[in-house]
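Structure first, then comments.
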There are 4 protein chains.
Amino acid sequence: MAFKRSEKIELHKDEKRKLILETAAAILAQKGYHQTAVKDITDGAGISVGTFYLYFKNKEDLFEKLYDETWKTLRNLNDYALKTDSCSVAKKFSRVIASSIWGYQKFKDLTKIMMIEAVGLNPRFEEKYAQIMRQSVSDIESILEPLKERELIVVFDIKVAATAYIGAIHNVITCWLRGDARSNLCESTLPLVVFLMQALNMDFNVDEIKQSIDEMNEELENDHDLLDIFKN
Amino acid sequence: MAFKRSEKIELHKDEKRKLILETAAAILAQKGYHQTAVKDITDGAGISVGTFYLYFKNKEDLFEKLYDETWKTLRNLNDYALKTDSCSVAKKFSRVIASSIWGYQKFKDLTKIMMIEAVGLNPRFEEKYAQIMRQSVSDIESILEPLKERELIVVFDIKVAATAYIGAIHNVITCWLRGDARSNLCESTLPLVVFLMQALNMDFNVDEIKQSIDEMNEELENDHDLLDIFKN
Amino acid sequence: MAFKRSEKIELHKDEKRKLILETAAAILAQKGYHQTAVKDITDGAGISVGTFYLYFKNKEDLFEKLYDETWKTLRNLNDYALKTDSCSVAKKFSRVIASSIWGYQKFKDLTKIMMIEAVGLNPRFEEKYAQIMRQSVSDIESILEPLKERELIVVFDIKVAATAYIGAIHNVITCWLRGDARSNLCESTLPLVVFLMQALNMDFNVDEIKQSIDEMNEELENDHDLLDIFKN
Amino acid sequence: MAFKRSEKIELHKDEKRKLILETAAAILAQKGYHQTAVKDITDGAGISVGTFYLYFKNKEDLFEKLYDETWKTLRNLNDYALKTDSCSVAKKFSRVIASSIWGYQKFKDLTKIMMIEAVGLNPRFEEKYAQIMRQSVSDIESILEPLKERELIVVFDIKVAATAYIGAIHNVITCWLRGDARSNLCESTLPLVVFLMQALNMDFNVDEIKQSIDEMNEELENDHDLLDIFKN
DNA sequence: CATGAATGAGTCTTCATTCAT
DNA sequence: CATGAATGAAGACTCATTCAT
């Protein structure tokens, strides 16, 4: 009922594709994959079912595109956060976590799809999700490894630590997605970073972290290109 | 037009109900809720469709029963872990985490259903899951609160800490469920507990923790009554 | 929910059969044939499904028995009404109509089953109903025939007149069954008889008719044997 | 996995809807509501099950549409019969009855559905049918009322008379529907009208009535627009 | 490029009937 | 005689996908 586009503006291929993806994101996030019929999406986007199949191979294909692009965007955010003049380790951690959280909040619909809808959707997506998780974990592992060598952190088992680390962040986001959504997720960033710094037994200075987070958020707000998930 | 008394051993109502639940748990965990037809379950359990509906109102009802019983069992495990002669805080934490992990491993199928399948199944279950998560988080909060008062732990924001704490544990389990399943999840218990103790900045002694975990596991292995999830 | 017999009184074959028929009559009249499951009837009668099939071949068989016995009873009533020392024709008509109406009211449940439920149930019952209607009509025809010969009535076409005659009576009853049921059907007897006497252009005296109706009703109220539909 | 553009002539939406309704009318009239599966109707109409649900919400919806349209048509016929330059009361009665009978004969299938199938179908339809009967009766009542005032008819109780009146007509039609169907129902019109005129003790002239009936039938045969029940 | 009517395999669910106990 | 758990055929309805226009 919402999402109804009335005036059929003539759009170019890319714009229409983007329109479908955005509409689908909103509807899928709200109703869930199985509760959403292709017709719901096409009605929402003001196009015909036939047109939908001109842009996507099938319903799962659309979902996969949405999923992949979401993931790509979130990874881009991480890359961006790390692509900074070298600075203290704690600062880097802060930037990455801050950017992730900022992104999840910015793309709430997409995030919900990726973190909640896609889970347990079907064996294919489960594997996809598992792979992504594995990659996330292994990314963190490769960051923790040298830190451990240099005795900047204290961890018992790197793999477990990385998994717990990711889980801590994800759960803060997921709980927010599932209900606290009115509150400001970004306010959780600082406590979360502190929790994780402590978990790794890393030296840190709260003020420095706080500052890094604020800087990161500000940077992100000003670099709009980064965010346009559907660009190109 | 009906009948064919199967050659199977005649089972009593409760046993048959249990048989259906167990069969369903295995199939649902493997194929997923939407990919599993009622007939898959009945075929698996060697009963007719009609019989299924003799024991459960419908497919969702079965799932809900499975879900609720799983959750109840896991909570029982926690209660059991805490129902011990008072001991150090670190020891209690260790026992609870160890028991959870032990339970998840023991009831792999059920756990997968609860932690992966039920997520994003439909609005009703999403809410159910959200409620359980909220309760878990708030349980932890009420444990952390007094510890913080007594300055036994250092946390910036109790709610965020509790959420991160739960997420860390869940993710270790979930990742294991999703692929590492051949490995022994229990080996992750010690590193996980250490990670979390550090995260809370709590004093702890690794050996003591290790010992608590081992004790806990041993106790659990010997108290078989606790485990029979479907018992009466 | 109603109809629940709680104390299992031990009954003899015939009594149990009667119990089932009576329970079925009440439930079928209320919920309709297709909306009533065999289990509804057995629950209502406080017996098991198995027992039901000990007394009746199947659901349709029960219905047929109910149907036939109802019809038999109503015909008995007609016979009884006519089995009187000869009297005026108008009086005879009055007695028959009065007895019918009295019976329909007395056996409201059964009547509803026969006149409403059975209609359009399935081709077999349709034919059965048609046959009964044909017989009713032809009964009336054979009454009207000699009257016409003797010029005591004026009818254009005996068959049409008989059909219309039956229809008039039935509709008064059916409308009552379908809603007016709180009102007293017997009050409609006099106006109905007058309507029909006029329709046949027969000489009649209102007071005499009124008296016949009253007499008939009184007789019926006092002859209880006649009514026990399940007797035999 | 779908399609097979049938070789049938492509029909527009309204035509296809009409095709389904007509097919359904024929099959439902023959087999009865509960004995007819949706697939029977779609097979009969040469369409797929899916298409059926494109045109009707569900099986009951189809039946209701059929029911309502039938009733509307029959009422239209009555209106048409009365929409004539004023004439004698007897003539008006004749025209209305003639038009009804003519319509029932013309729409045999539909009539059977309305008058036989719908009876006792389920509580909803029972009430619907009851309402229609109540309305028919009350229509007749409001016609009889003034006639009684003006002493043009003699009736004892208007409500009973109206009910009997309707019942007489209906039964003539219903009996015909149920078996006499080869014979010509219209031949019953004159005797029926005479029966009813007499029943109301109304003055009438057989020849005039006969003429009115013939005129009515002729008019109806020539006004084809009136009949297309599914038109627009 | 766009449309949307048509398709039909696939699912859940009911319930009359049986028969081992 | 009585029981009621078990059966499975039958039927209503959904929805992703196609293709003639």
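A note on labels: chains of the structure tokens are A, B, ... as shown, every chain counts residues from 1, and ligands are counted from 1 in their shown order.
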Please list as a JSON list (two decimals) with all heavy atoms, in the first residue's frame every residue within 8 Å of Ile173 in chain D, counting only C-alpha atoms (C1' of nucleotides) and excluding residues in the same chain fewer than 2 positions away.
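Okay, this is what ended up in part-v6.json:
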```
[["chain", "number", "residue", "atom", "x", "y", "z"],
["D", 101, "ILE", "N", -41.94, -17.21, -14.31],
["D", 101, "ILE", "CA", -41.89, -18.57, -14.83],
["D", 101, "ILE", "C", -41.10, -18.64, -16.13],
["D", 101, "ILE", "O", -40.28, -19.53, -16.35],
["D", 101, "ILE", "CB", -43.32, -19.10, -15.01],
["D", 101, "ILE", "CG1", -43.86, -19.42, -13.62],
["D", 101, "ILE", "CG2", -43.36, -20.31, -15.94],
["D", 101, "ILE", "CD1", -45.14, -20.20, -13.60],
["D", 104, "TYR", "N", -37.43, -18.39, -15.11],
["D", 104, "TYR", "CA", -36.91, -19.62, -14.51],
["D", 104, "TYR", "C", -36.63, -20.65, -15.59],
["D", 104, "TYR", "O", -35.66, -21.39, -15.54],
["D", 104, "TYR", "CB", -37.91, -20.18, -13.49],
["D", 104, "TYR", "CG", -37.95, -19.40, -12.21],
["D", 104, "TYR", "CD1", -39.11, -18.77, -11.78],
["D", 104, "TYR", "CD2", -36.81, -19.28, -11.42],
["D", 104, "TYR", "CE1", -39.14, -18.04, -10.59],
["D", 104, "TYR", "CE2", -36.83, -18.56, -10.23],
["D", 104, "TYR", "CZ", -38.00, -17.94, -9.82],
["D", 104, "TYR", "OH", -38.00, -17.24, -8.66],
["D", 169, "ILE", "N", -45.87, -20.79, -6.15],
["D", 169, "ILE", "CA", -45.14, -20.51, -7.39],
["D", 169, "ILE", "C", -43.80, -21.27, -7.41],
["D", 169, "ILE", "O", -43.47, -21.96, -8.36],
["D", 169, "ILE", "CB", -44.87, -18.99, -7.56],
["D", 169, "ILE", "CG1", -46.20, -18.23, -7.63],
["D", 169, "ILE", "CG2", -44.02, -18.73, -8.79],
["D", 169, "ILE", "CD1", -46.05, -16.72, -7.66],
["D", 170, "HIS", "N", -43.08, -21.14, -6.32],
["D", 170, "HIS", "CA", -41.77, -21.77, -6.26],
["D", 170, "HIS", "C", -41.85, -23.28, -6.44],
["D", 170, "HIS", "O", -41.01, -23.87, -7.10],
["D", 170, "HIS", "CB", -41.09, -21.44, -4.93],
["D", 170, "HIS", "CG", -40.34, -20.17, -4.97],
["D", 170, "HIS", "ND1", -39.24, -19.92, -4.21],
["D", 170, "HIS", "CD2", -40.53, -19.05, -5.73],
["D", 170, "HIS", "CE1", -38.79, -18.70, -4.48],
["D", 170, "HIS", "NE2", -39.57, -18.15, -5.38],
["D", 171, "ASN", "N", -42.84, -23.86, -5.85],
["D", 171, "ASN", "CA", -42.90, -25.32, -5.93],
["D", 171, "ASN", "C", -43.22, -25.80, -7.34],
["D", 171, "ASN", "O", -42.71, -26.82, -7.78],
["D", 171, "ASN", "CB", -43.91, -25.88, -4.93],
["D", 171, "ASN", "CG", -43.59, -27.31, -4.57],
["D", 171, "ASN", "OD1", -42.43, -27.65, -4.35],
["D", 171, "ASN", "ND2", -44.61, -28.17, -4.55],
["D", 175, "CYS", "N", -40.47, -28.22, -8.85],
["D", 175, "CYS", "CA", -40.81, -29.57, -9.29],
["D", 175, "CYS", "C", -40.46, -29.76, -10.76],
["D", 175, "CYS", "O", -39.95, -30.80, -11.17],
["D", 175, "CYS", "CB", -42.30, -29.85, -9.06],
["D", 175, "CYS", "SG", -42.66, -30.19, -7.34],
["D", 176, "TRP", "N", -40.70, -28.71, -11.49],
["D", 176, "TRP", "CA", -40.36, -28.77, -12.92],
["D", 176, "TRP", "C", -38.84, -28.92, -13.07],
["D", 176, "TRP", "O", -38.34, -29.75, -13.84],
["D", 176, "TRP", "CB", -40.86, -27.50, -13.60],
["D", 176, "TRP", "CG", -40.36, -27.34, -15.00],
["D", 176, "TRP", "CD1", -40.81, -27.99, -16.11],
["D", 176, "TRP", "CD2", -39.30, -26.49, -15.43],
["D", 176, "TRP", "NE1", -40.10, -27.58, -17.21],
["D", 176, "TRP", "CE2", -39.17, -26.66, -16.82],
["D", 176, "TRP", "CE3", -38.45, -25.60, -14.78],
["D", 176, "TRP", "CZ2", -38.22, -25.98, -17.56],
["D", 176, "TRP", "CZ3", -37.51, -24.92, -15.51],
["D", 176, "TRP", "CH2", -37.40, -25.10, -16.90],
["D", 177, "LEU", "N", -38.13, -28.12, -12.30],
["D", 177, "LEU", "CA", -36.66, -28.16, -12.36],
["D", 177, "LEU", "C", -36.14, -29.55, -12.02],
["D", 177, "LEU", "O", -35.13, -30.00, -12.53],
["D", 177, "LEU", "CB", -36.06, -27.20, -11.33],
["D", 177, "LEU", "CG", -35.98, -25.74, -11.68],
["D", 177, "LEU", "CD1", -35.52, -24.96, -10.47],
["D", 177, "LEU", "CD2", -35.01, -25.53, -12.84],
["D", 185, "LEU", "N", -42.70, -25.63, -18.93],
["D", 185, "LEU", "CA", -43.16, -24.99, -17.70],
["D", 185, "LEU", "C", -44.21, -23.92, -17.97],
["D", 185, "LEU", "O", -45.14, -23.73, -17.18],
["D", 185, "LEU", "CB", -41.95, -24.38, -16.99],
["D", 185, "LEU", "CG", -42.20, -23.58, -15.72],
["D", 185, "LEU", "CD1", -42.88, -24.44, -14.66],
["D", 185, "LEU", "CD2", -40.91, -23.01, -15.17]]
```
Using only C-alpha atoms (C1' of nucleotides), I'd like every residue of chain E that has an atom within 8 Å of chain B; please write them out as number ranges by chain. E: 11-12, 17-18
Please produce an output containing all heavy atoms for each residue in the selection, written as an mmCIF file, in the first residue's frame.
```cif
data_model
loop_
_atom_site.group_PDB
_atom_site.id
_atom_site.type_symbol
_atom_site.label_atom_id
_atom_site.label_comp_id
_atom_site.auth_asym_id
_atom_site.auth_seq_id
_atom_site.Cartn_x
_atom_site.Cartn_y
_atom_site.Cartn_z
ATOM 1 P P DT E 11 6.405 -28.694 -2.788
ATOM 2 O OP1 DT E 11 7.847 -28.479 -2.615
ATOM 3 O OP2 DT E 11 5.870 -30.062 -2.910
ATOM 4 O "O5'" DT E 11 5.624 -27.970 -1.626
ATOM 5 C "C5'" DT E 11 4.371 -27.405 -1.980
ATOM 6 C "C4'" DT E 11 3.666 -26.846 -0.800
ATOM 7 O "O4'" DT E 11 2.355 -26.599 -1.278
ATOM 8 C "C3'" DT E 11 3.518 -27.806 0.384
ATOM 9 O "O3'" DT E 11 3.678 -27.114 1.614
ATOM 10 C "C2'" DT E 11 2.132 -28.395 0.218
ATOM 11 C "C1'" DT E 11 1.380 -27.379 -0.618
ATOM 12 N N1 DT E 11 0.504 -28.027 -1.637
ATOM 13 C C2 DT E 11 -0.763 -27.515 -1.835
ATOM 14 O O2 DT E 11 -1.177 -26.557 -1.231
ATOM 15 N N3 DT E 11 -1.509 -28.186 -2.758
ATOM 16 C C4 DT E 11 -1.132 -29.291 -3.481
ATOM 17 O O4 DT E 11 -1.907 -29.802 -4.276
ATOM 18 C C5 DT E 11 0.205 -29.763 -3.227
ATOM 19 C C7 DT E 11 0.710 -30.951 -3.962
ATOM 20 C C6 DT E 11 0.951 -29.118 -2.338
ATOM 21 P P DC E 12 3.637 -27.946 2.929
ATOM 22 O OP1 DC E 12 4.667 -27.387 3.817
ATOM 23 O OP2 DC E 12 3.608 -29.394 2.640
ATOM 24 O "O5'" DC E 12 2.206 -27.525 3.472
ATOM 25 C "C5'" DC E 12 1.886 -26.140 3.581
ATOM 26 C "C4'" DC E 12 0.390 -25.988 3.800
ATOM 27 O "O4'" DC E 12 -0.321 -26.616 2.710
ATOM 28 C "C3'" DC E 12 -0.112 -26.645 5.081
ATOM 29 O "O3'" DC E 12 -0.975 -25.734 5.752
ATOM 30 C "C2'" DC E 12 -0.848 -27.905 4.600
ATOM 31 C "C1'" DC E 12 -1.288 -27.525 3.186
ATOM 32 N N1 DC E 12 -1.334 -28.651 2.203
ATOM 33 C C2 DC E 12 -2.485 -28.840 1.406
ATOM 34 O O2 DC E 12 -3.449 -28.084 1.561
ATOM 35 N N3 DC E 12 -2.500 -29.846 0.494
ATOM 36 C C4 DC E 12 -1.445 -30.627 0.360
ATOM 37 N N4 DC E 12 -1.514 -31.597 -0.571
ATOM 38 C C5 DC E 12 -0.274 -30.467 1.154
ATOM 39 C C6 DC E 12 -0.260 -29.474 2.055
ATOM 40 P P DT E 17 -17.900 -42.641 4.936
ATOM 41 O OP1 DT E 17 -18.402 -43.092 3.640
ATOM 42 O OP2 DT E 17 -18.817 -42.417 6.069
ATOM 43 O "O5'" DT E 17 -16.760 -43.654 5.403
ATOM 44 C "C5'" DT E 17 -15.688 -43.927 4.492
ATOM 45 C "C4'" DT E 17 -14.645 -44.778 5.172
ATOM 46 O "O4'" DT E 17 -13.901 -44.004 6.127
ATOM 47 C "C3'" DT E 17 -15.169 -45.988 5.941
ATOM 48 O "O3'" DT E 17 -14.566 -47.142 5.371
ATOM 49 C "C2'" DT E 17 -14.718 -45.777 7.372
ATOM 50 C "C1'" DT E 17 -13.526 -44.867 7.182
ATOM 51 N N1 DT E 17 -13.175 -44.017 8.336
ATOM 52 C C2 DT E 17 -11.876 -44.062 8.796
ATOM 53 O O2 DT E 17 -11.015 -44.781 8.292
ATOM 54 N N3 DT E 17 -11.605 -43.248 9.864
ATOM 55 C C4 DT E 17 -12.492 -42.402 10.509
ATOM 56 O O4 DT E 17 -12.120 -41.714 11.456
ATOM 57 C C5 DT E 17 -13.828 -42.396 9.983
ATOM 58 C C7 DT E 17 -14.873 -41.523 10.605
ATOM 59 C C6 DT E 17 -14.103 -43.200 8.934
ATOM 60 P P DT E 18 -15.004 -48.575 5.823
ATOM 61 O OP1 DT E 18 -15.214 -49.325 4.592
ATOM 62 O OP2 DT E 18 -16.062 -48.478 6.856
ATOM 63 O "O5'" DT E 18 -13.668 -49.119 6.522
ATOM 64 C "C5'" DT E 18 -12.431 -48.917 5.847
ATOM 65 C "C4'" DT E 18 -11.280 -49.274 6.752
ATOM 66 O "O4'" DT E 18 -11.147 -48.296 7.813
ATOM 67 C "C3'" DT E 18 -11.402 -50.630 7.445
ATOM 68 O "O3'" DT E 18 -10.168 -51.309 7.264
ATOM 69 C "C2'" DT E 18 -11.658 -50.284 8.907
ATOM 70 C "C1'" DT E 18 -10.946 -48.956 9.042
ATOM 71 N N1 DT E 18 -11.438 -48.022 10.073
ATOM 72 C C2 DT E 18 -10.516 -47.434 10.911
ATOM 73 O O2 DT E 18 -9.329 -47.669 10.860
ATOM 74 N N3 DT E 18 -11.054 -46.545 11.810
ATOM 75 C C4 DT E 18 -12.372 -46.203 11.949
ATOM 76 O O4 DT E 18 -12.724 -45.381 12.791
ATOM 77 C C5 DT E 18 -13.286 -46.852 11.048
ATOM 78 C C7 DT E 18 -14.749 -46.542 11.127
ATOM 79 C C6 DT E 18 -12.781 -47.717 10.159
#
```
CA of Glu187 in chain A to CA of Met216 in chain A, distance in Å rounded to a single decimal: 13.5 Å
Compute the set of chain C residues within 8 Å of chain D, using only C-alpha atoms, and express it as a PyMOL selection string. chain C and resi 31-32+34-35+116-123+126-127+130+133-134+155-157+160-161+163-172+175+178-179+188+191-192+194-201
Identify all chain F residues at most 12 Å from chain A by counting only C-alpha atoms (C1' of nucleotides); ligands do not count. Present them as a list in words.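 So the residues of chain F near chain A are DT14, DC15, DA16, DT17, DT18 and DC19 of chain F.
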For the full set of C-alpha atoms taken in order, report to one decimal the RMSD after fitting chain D onto chain C.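 My reading of the C-alpha RMSD is 3.0 Å.
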Please run DSSP on the backbone and report, as number ranges by chain, all residues within range 20-221 of chain D that come out as alpha helix (DSSP H). D: 20-31, 38-45, 49-55, 59-82, 89-106, 108-112, 123-149, 158-177, 189-200, 206-221
Using the selection just defined, write its residues with C-alpha atoms as a compact mmCIF listing (two decimals), in the first residue's frame.
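Once everything was written out, this is out.txt:
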```
# COMPACT_ATOMS: atom_id res chain seq x y z
CA ILE D 20 -16.53 -19.26 -16.54
CA LEU D 21 -19.84 -18.25 -15.03
CA GLU D 22 -21.82 -20.04 -17.69
CA THR D 23 -19.72 -23.17 -17.47
CA ALA D 24 -19.95 -23.14 -13.71
CA ALA D 25 -23.71 -22.68 -13.83
CA ALA D 26 -24.11 -25.74 -16.00
CA ILE D 27 -21.79 -27.93 -13.96
CA LEU D 28 -22.99 -26.76 -10.57
CA ALA D 29 -26.59 -27.26 -11.59
CA GLN D 30 -25.80 -30.79 -12.66
CA LYS D 31 -23.42 -32.02 -9.99
CA VAL D 38 -12.80 -26.06 -9.04
CA LYS D 39 -10.89 -28.17 -11.49
CA ASP D 40 -14.14 -29.49 -12.95
CA ILE D 41 -15.15 -25.96 -13.78
CA THR D 42 -11.79 -24.96 -15.21
CA ASP D 43 -11.61 -28.11 -17.28
CA GLY D 44 -15.09 -27.43 -18.53
CA ALA D 45 -14.19 -23.88 -19.45
CA VAL D 49 -6.95 -23.33 -12.23
CA GLY D 50 -4.82 -20.25 -11.89
CA THR D 51 -6.96 -18.39 -14.36
CA PHE D 52 -10.03 -19.21 -12.36
CA TYR D 53 -8.54 -17.44 -9.37
CA LEU D 54 -7.77 -14.49 -11.58
CA TYR D 55 -11.46 -13.93 -12.03
CA LYS D 59 -15.08 -21.07 -5.13
CA GLU D 60 -17.66 -19.53 -2.84
CA ASP D 61 -17.13 -16.15 -4.44
CA LEU D 62 -17.99 -17.62 -7.83
CA PHE D 63 -21.10 -19.18 -6.41
CA GLU D 64 -22.14 -15.96 -4.77
CA LYS D 65 -21.70 -14.03 -8.00
CA LEU D 66 -23.80 -16.58 -9.80
CA TYR D 67 -26.39 -16.41 -7.08
CA ASP D 68 -26.58 -12.65 -6.93
CA GLU D 69 -26.72 -12.22 -10.67
CA THR D 70 -29.46 -14.78 -10.96
CA TRP D 71 -31.53 -13.08 -8.35
CA LYS D 72 -30.93 -9.69 -9.90
CA THR D 73 -32.07 -10.96 -13.26
CA LEU D 74 -35.22 -12.46 -11.89
CA ARG D 75 -36.05 -9.27 -10.06
CA ASN D 76 -35.43 -7.32 -13.24
CA LEU D 77 -37.94 -9.53 -14.93
CA ASN D 78 -40.51 -8.72 -12.29
CA ASP D 79 -39.83 -5.02 -12.59
CA TYR D 80 -40.16 -5.27 -16.30
CA ALA D 81 -43.46 -7.08 -15.99
CA LEU D 82 -44.86 -4.36 -13.76
CA VAL D 89 -54.88 -6.03 -10.98
CA ALA D 90 -55.43 -9.54 -12.26
CA LYS D 91 -53.49 -8.63 -15.37
CA LYS D 92 -50.58 -7.38 -13.33
CA PHE D 93 -50.47 -10.56 -11.30
CA SER D 94 -50.57 -12.57 -14.47
CA ARG D 95 -47.71 -10.63 -15.99
CA VAL D 96 -45.50 -10.98 -12.95
CA ILE D 97 -46.07 -14.68 -12.56
CA ALA D 98 -45.67 -15.27 -16.26
CA SER D 99 -42.43 -13.36 -16.37
CA SER D 100 -41.06 -15.24 -13.38
CA ILE D 101 -41.89 -18.57 -14.83
CA TRP D 102 -40.57 -17.60 -18.20
CA GLY D 103 -37.31 -16.50 -16.57
CA TYR D 104 -36.91 -19.62 -14.51
CA GLN D 105 -37.35 -21.66 -17.61
CA LYS D 106 -34.94 -19.53 -19.60
CA LYS D 108 -32.82 -23.23 -15.84
CA ASP D 109 -29.26 -23.81 -14.66
CA LEU D 110 -29.07 -20.61 -12.70
CA THR D 111 -32.47 -21.12 -11.23
CA LYS D 112 -31.60 -24.55 -10.06
CA PRO D 123 -24.99 -20.79 7.17
CA ARG D 124 -24.01 -17.74 5.12
CA PHE D 125 -26.00 -18.81 2.12
CA GLU D 126 -28.86 -20.02 4.22
CA GLU D 127 -29.19 -16.54 5.62
CA LYS D 128 -28.84 -15.04 2.17
CA TYR D 129 -31.59 -17.27 0.88
CA ALA D 130 -33.74 -16.54 3.90
CA GLN D 131 -33.34 -12.84 3.29
CA ILE D 132 -34.38 -13.16 -0.31
CA MET D 133 -37.40 -15.19 0.67
CA ARG D 134 -38.32 -12.63 3.30
CA GLN D 135 -38.02 -9.90 0.74
CA SER D 136 -40.13 -11.77 -1.80
CA VAL D 137 -42.78 -12.37 0.78
CA SER D 138 -42.74 -8.80 1.94
CA ASP D 139 -42.96 -7.58 -1.65
CA ILE D 140 -46.10 -9.60 -2.08
CA GLU D 141 -47.42 -8.40 1.25
CA SER D 142 -47.15 -4.80 0.20
CA ILE D 143 -49.06 -5.60 -2.94
CA LEU D 144 -51.78 -7.48 -1.11
CA GLU D 145 -52.21 -4.92 1.64
CA PRO D 146 -53.93 -2.21 -0.43
CA LEU D 147 -55.94 -4.78 -2.33
CA LYS D 148 -57.31 -6.06 0.91
CA GLU D 149 -58.17 -2.54 2.04
CA ILE D 158 -51.54 -11.24 4.78
CA LYS D 159 -48.18 -12.64 5.83
CA VAL D 160 -49.32 -16.23 5.65
CA ALA D 161 -51.04 -15.60 2.36
CA ALA D 162 -47.94 -14.01 0.87
CA THR D 163 -45.80 -16.87 2.07
CA ALA D 164 -48.17 -19.47 0.69
CA TYR D 165 -48.43 -17.53 -2.55
CA ILE D 166 -44.65 -17.52 -3.05
CA GLY D 167 -44.42 -21.15 -2.04
CA ALA D 168 -47.02 -22.18 -4.58
CA ILE D 169 -45.14 -20.51 -7.39
CA HIS D 170 -41.77 -21.77 -6.26
CA ASN D 171 -42.90 -25.32 -5.93
CA VAL D 172 -44.35 -25.43 -9.39
CA ILE D 173 -41.01 -24.22 -10.69
CA THR D 174 -38.93 -26.42 -8.44
CA CYS D 175 -40.81 -29.57 -9.29
CA TRP D 176 -40.36 -28.77 -12.92
CA LEU D 177 -36.66 -28.16 -12.36
CA THR D 189 -48.61 -20.53 -15.93
CA LEU D 190 -52.31 -20.22 -16.58
CA PRO D 191 -53.44 -22.89 -14.10
CA LEU D 192 -51.12 -21.46 -11.54
CA VAL D 193 -52.41 -17.94 -11.93
CA VAL D 194 -55.95 -19.20 -11.68
CA PHE D 195 -55.12 -21.14 -8.54
CA LEU D 196 -53.66 -18.03 -6.96
CA MET D 197 -56.41 -15.70 -8.06
CA GLN D 198 -58.87 -18.06 -6.47
CA ALA D 199 -56.73 -18.30 -3.37
CA LEU D 200 -56.97 -14.56 -2.97
CA VAL D 206 -59.78 -16.42 -17.50
CA ASP D 207 -59.55 -15.15 -21.03
CA GLU D 208 -58.09 -11.87 -19.96
CA ILE D 209 -55.50 -13.66 -17.88
CA LYS D 210 -54.66 -16.02 -20.68
CA GLN D 211 -54.19 -13.07 -22.98
CA SER D 212 -51.95 -11.24 -20.51
CA ILE D 213 -49.78 -14.27 -20.14
CA ASP D 214 -49.42 -14.70 -23.86
CA GLU D 215 -48.61 -11.04 -24.33
CA MET D 216 -46.04 -11.16 -21.59
CA ASN D 217 -44.34 -14.18 -23.05
CA GLU D 218 -44.25 -12.62 -26.44
CA GLU D 219 -42.76 -9.39 -25.10
CA LEU D 220 -40.10 -11.28 -23.26
CA GLU D 221 -39.12 -13.35 -26.25
```
Could you check how far CA of Lys13 in chain B sits from CA of Phe107 in chain B, in Å to one decimal?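 Computed distance, CA of Lys13 in chain B to CA of Phe107 in chain B, equals 22.7 Å.
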Have a look at C1' of DC1 in chain F and C1' of DT14 in chain E and let me know their distance in Å, one decimal.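 Between C1' of DC1 in chain F and C1' of DT14 in chain E the gap works out to 29.1 Å.
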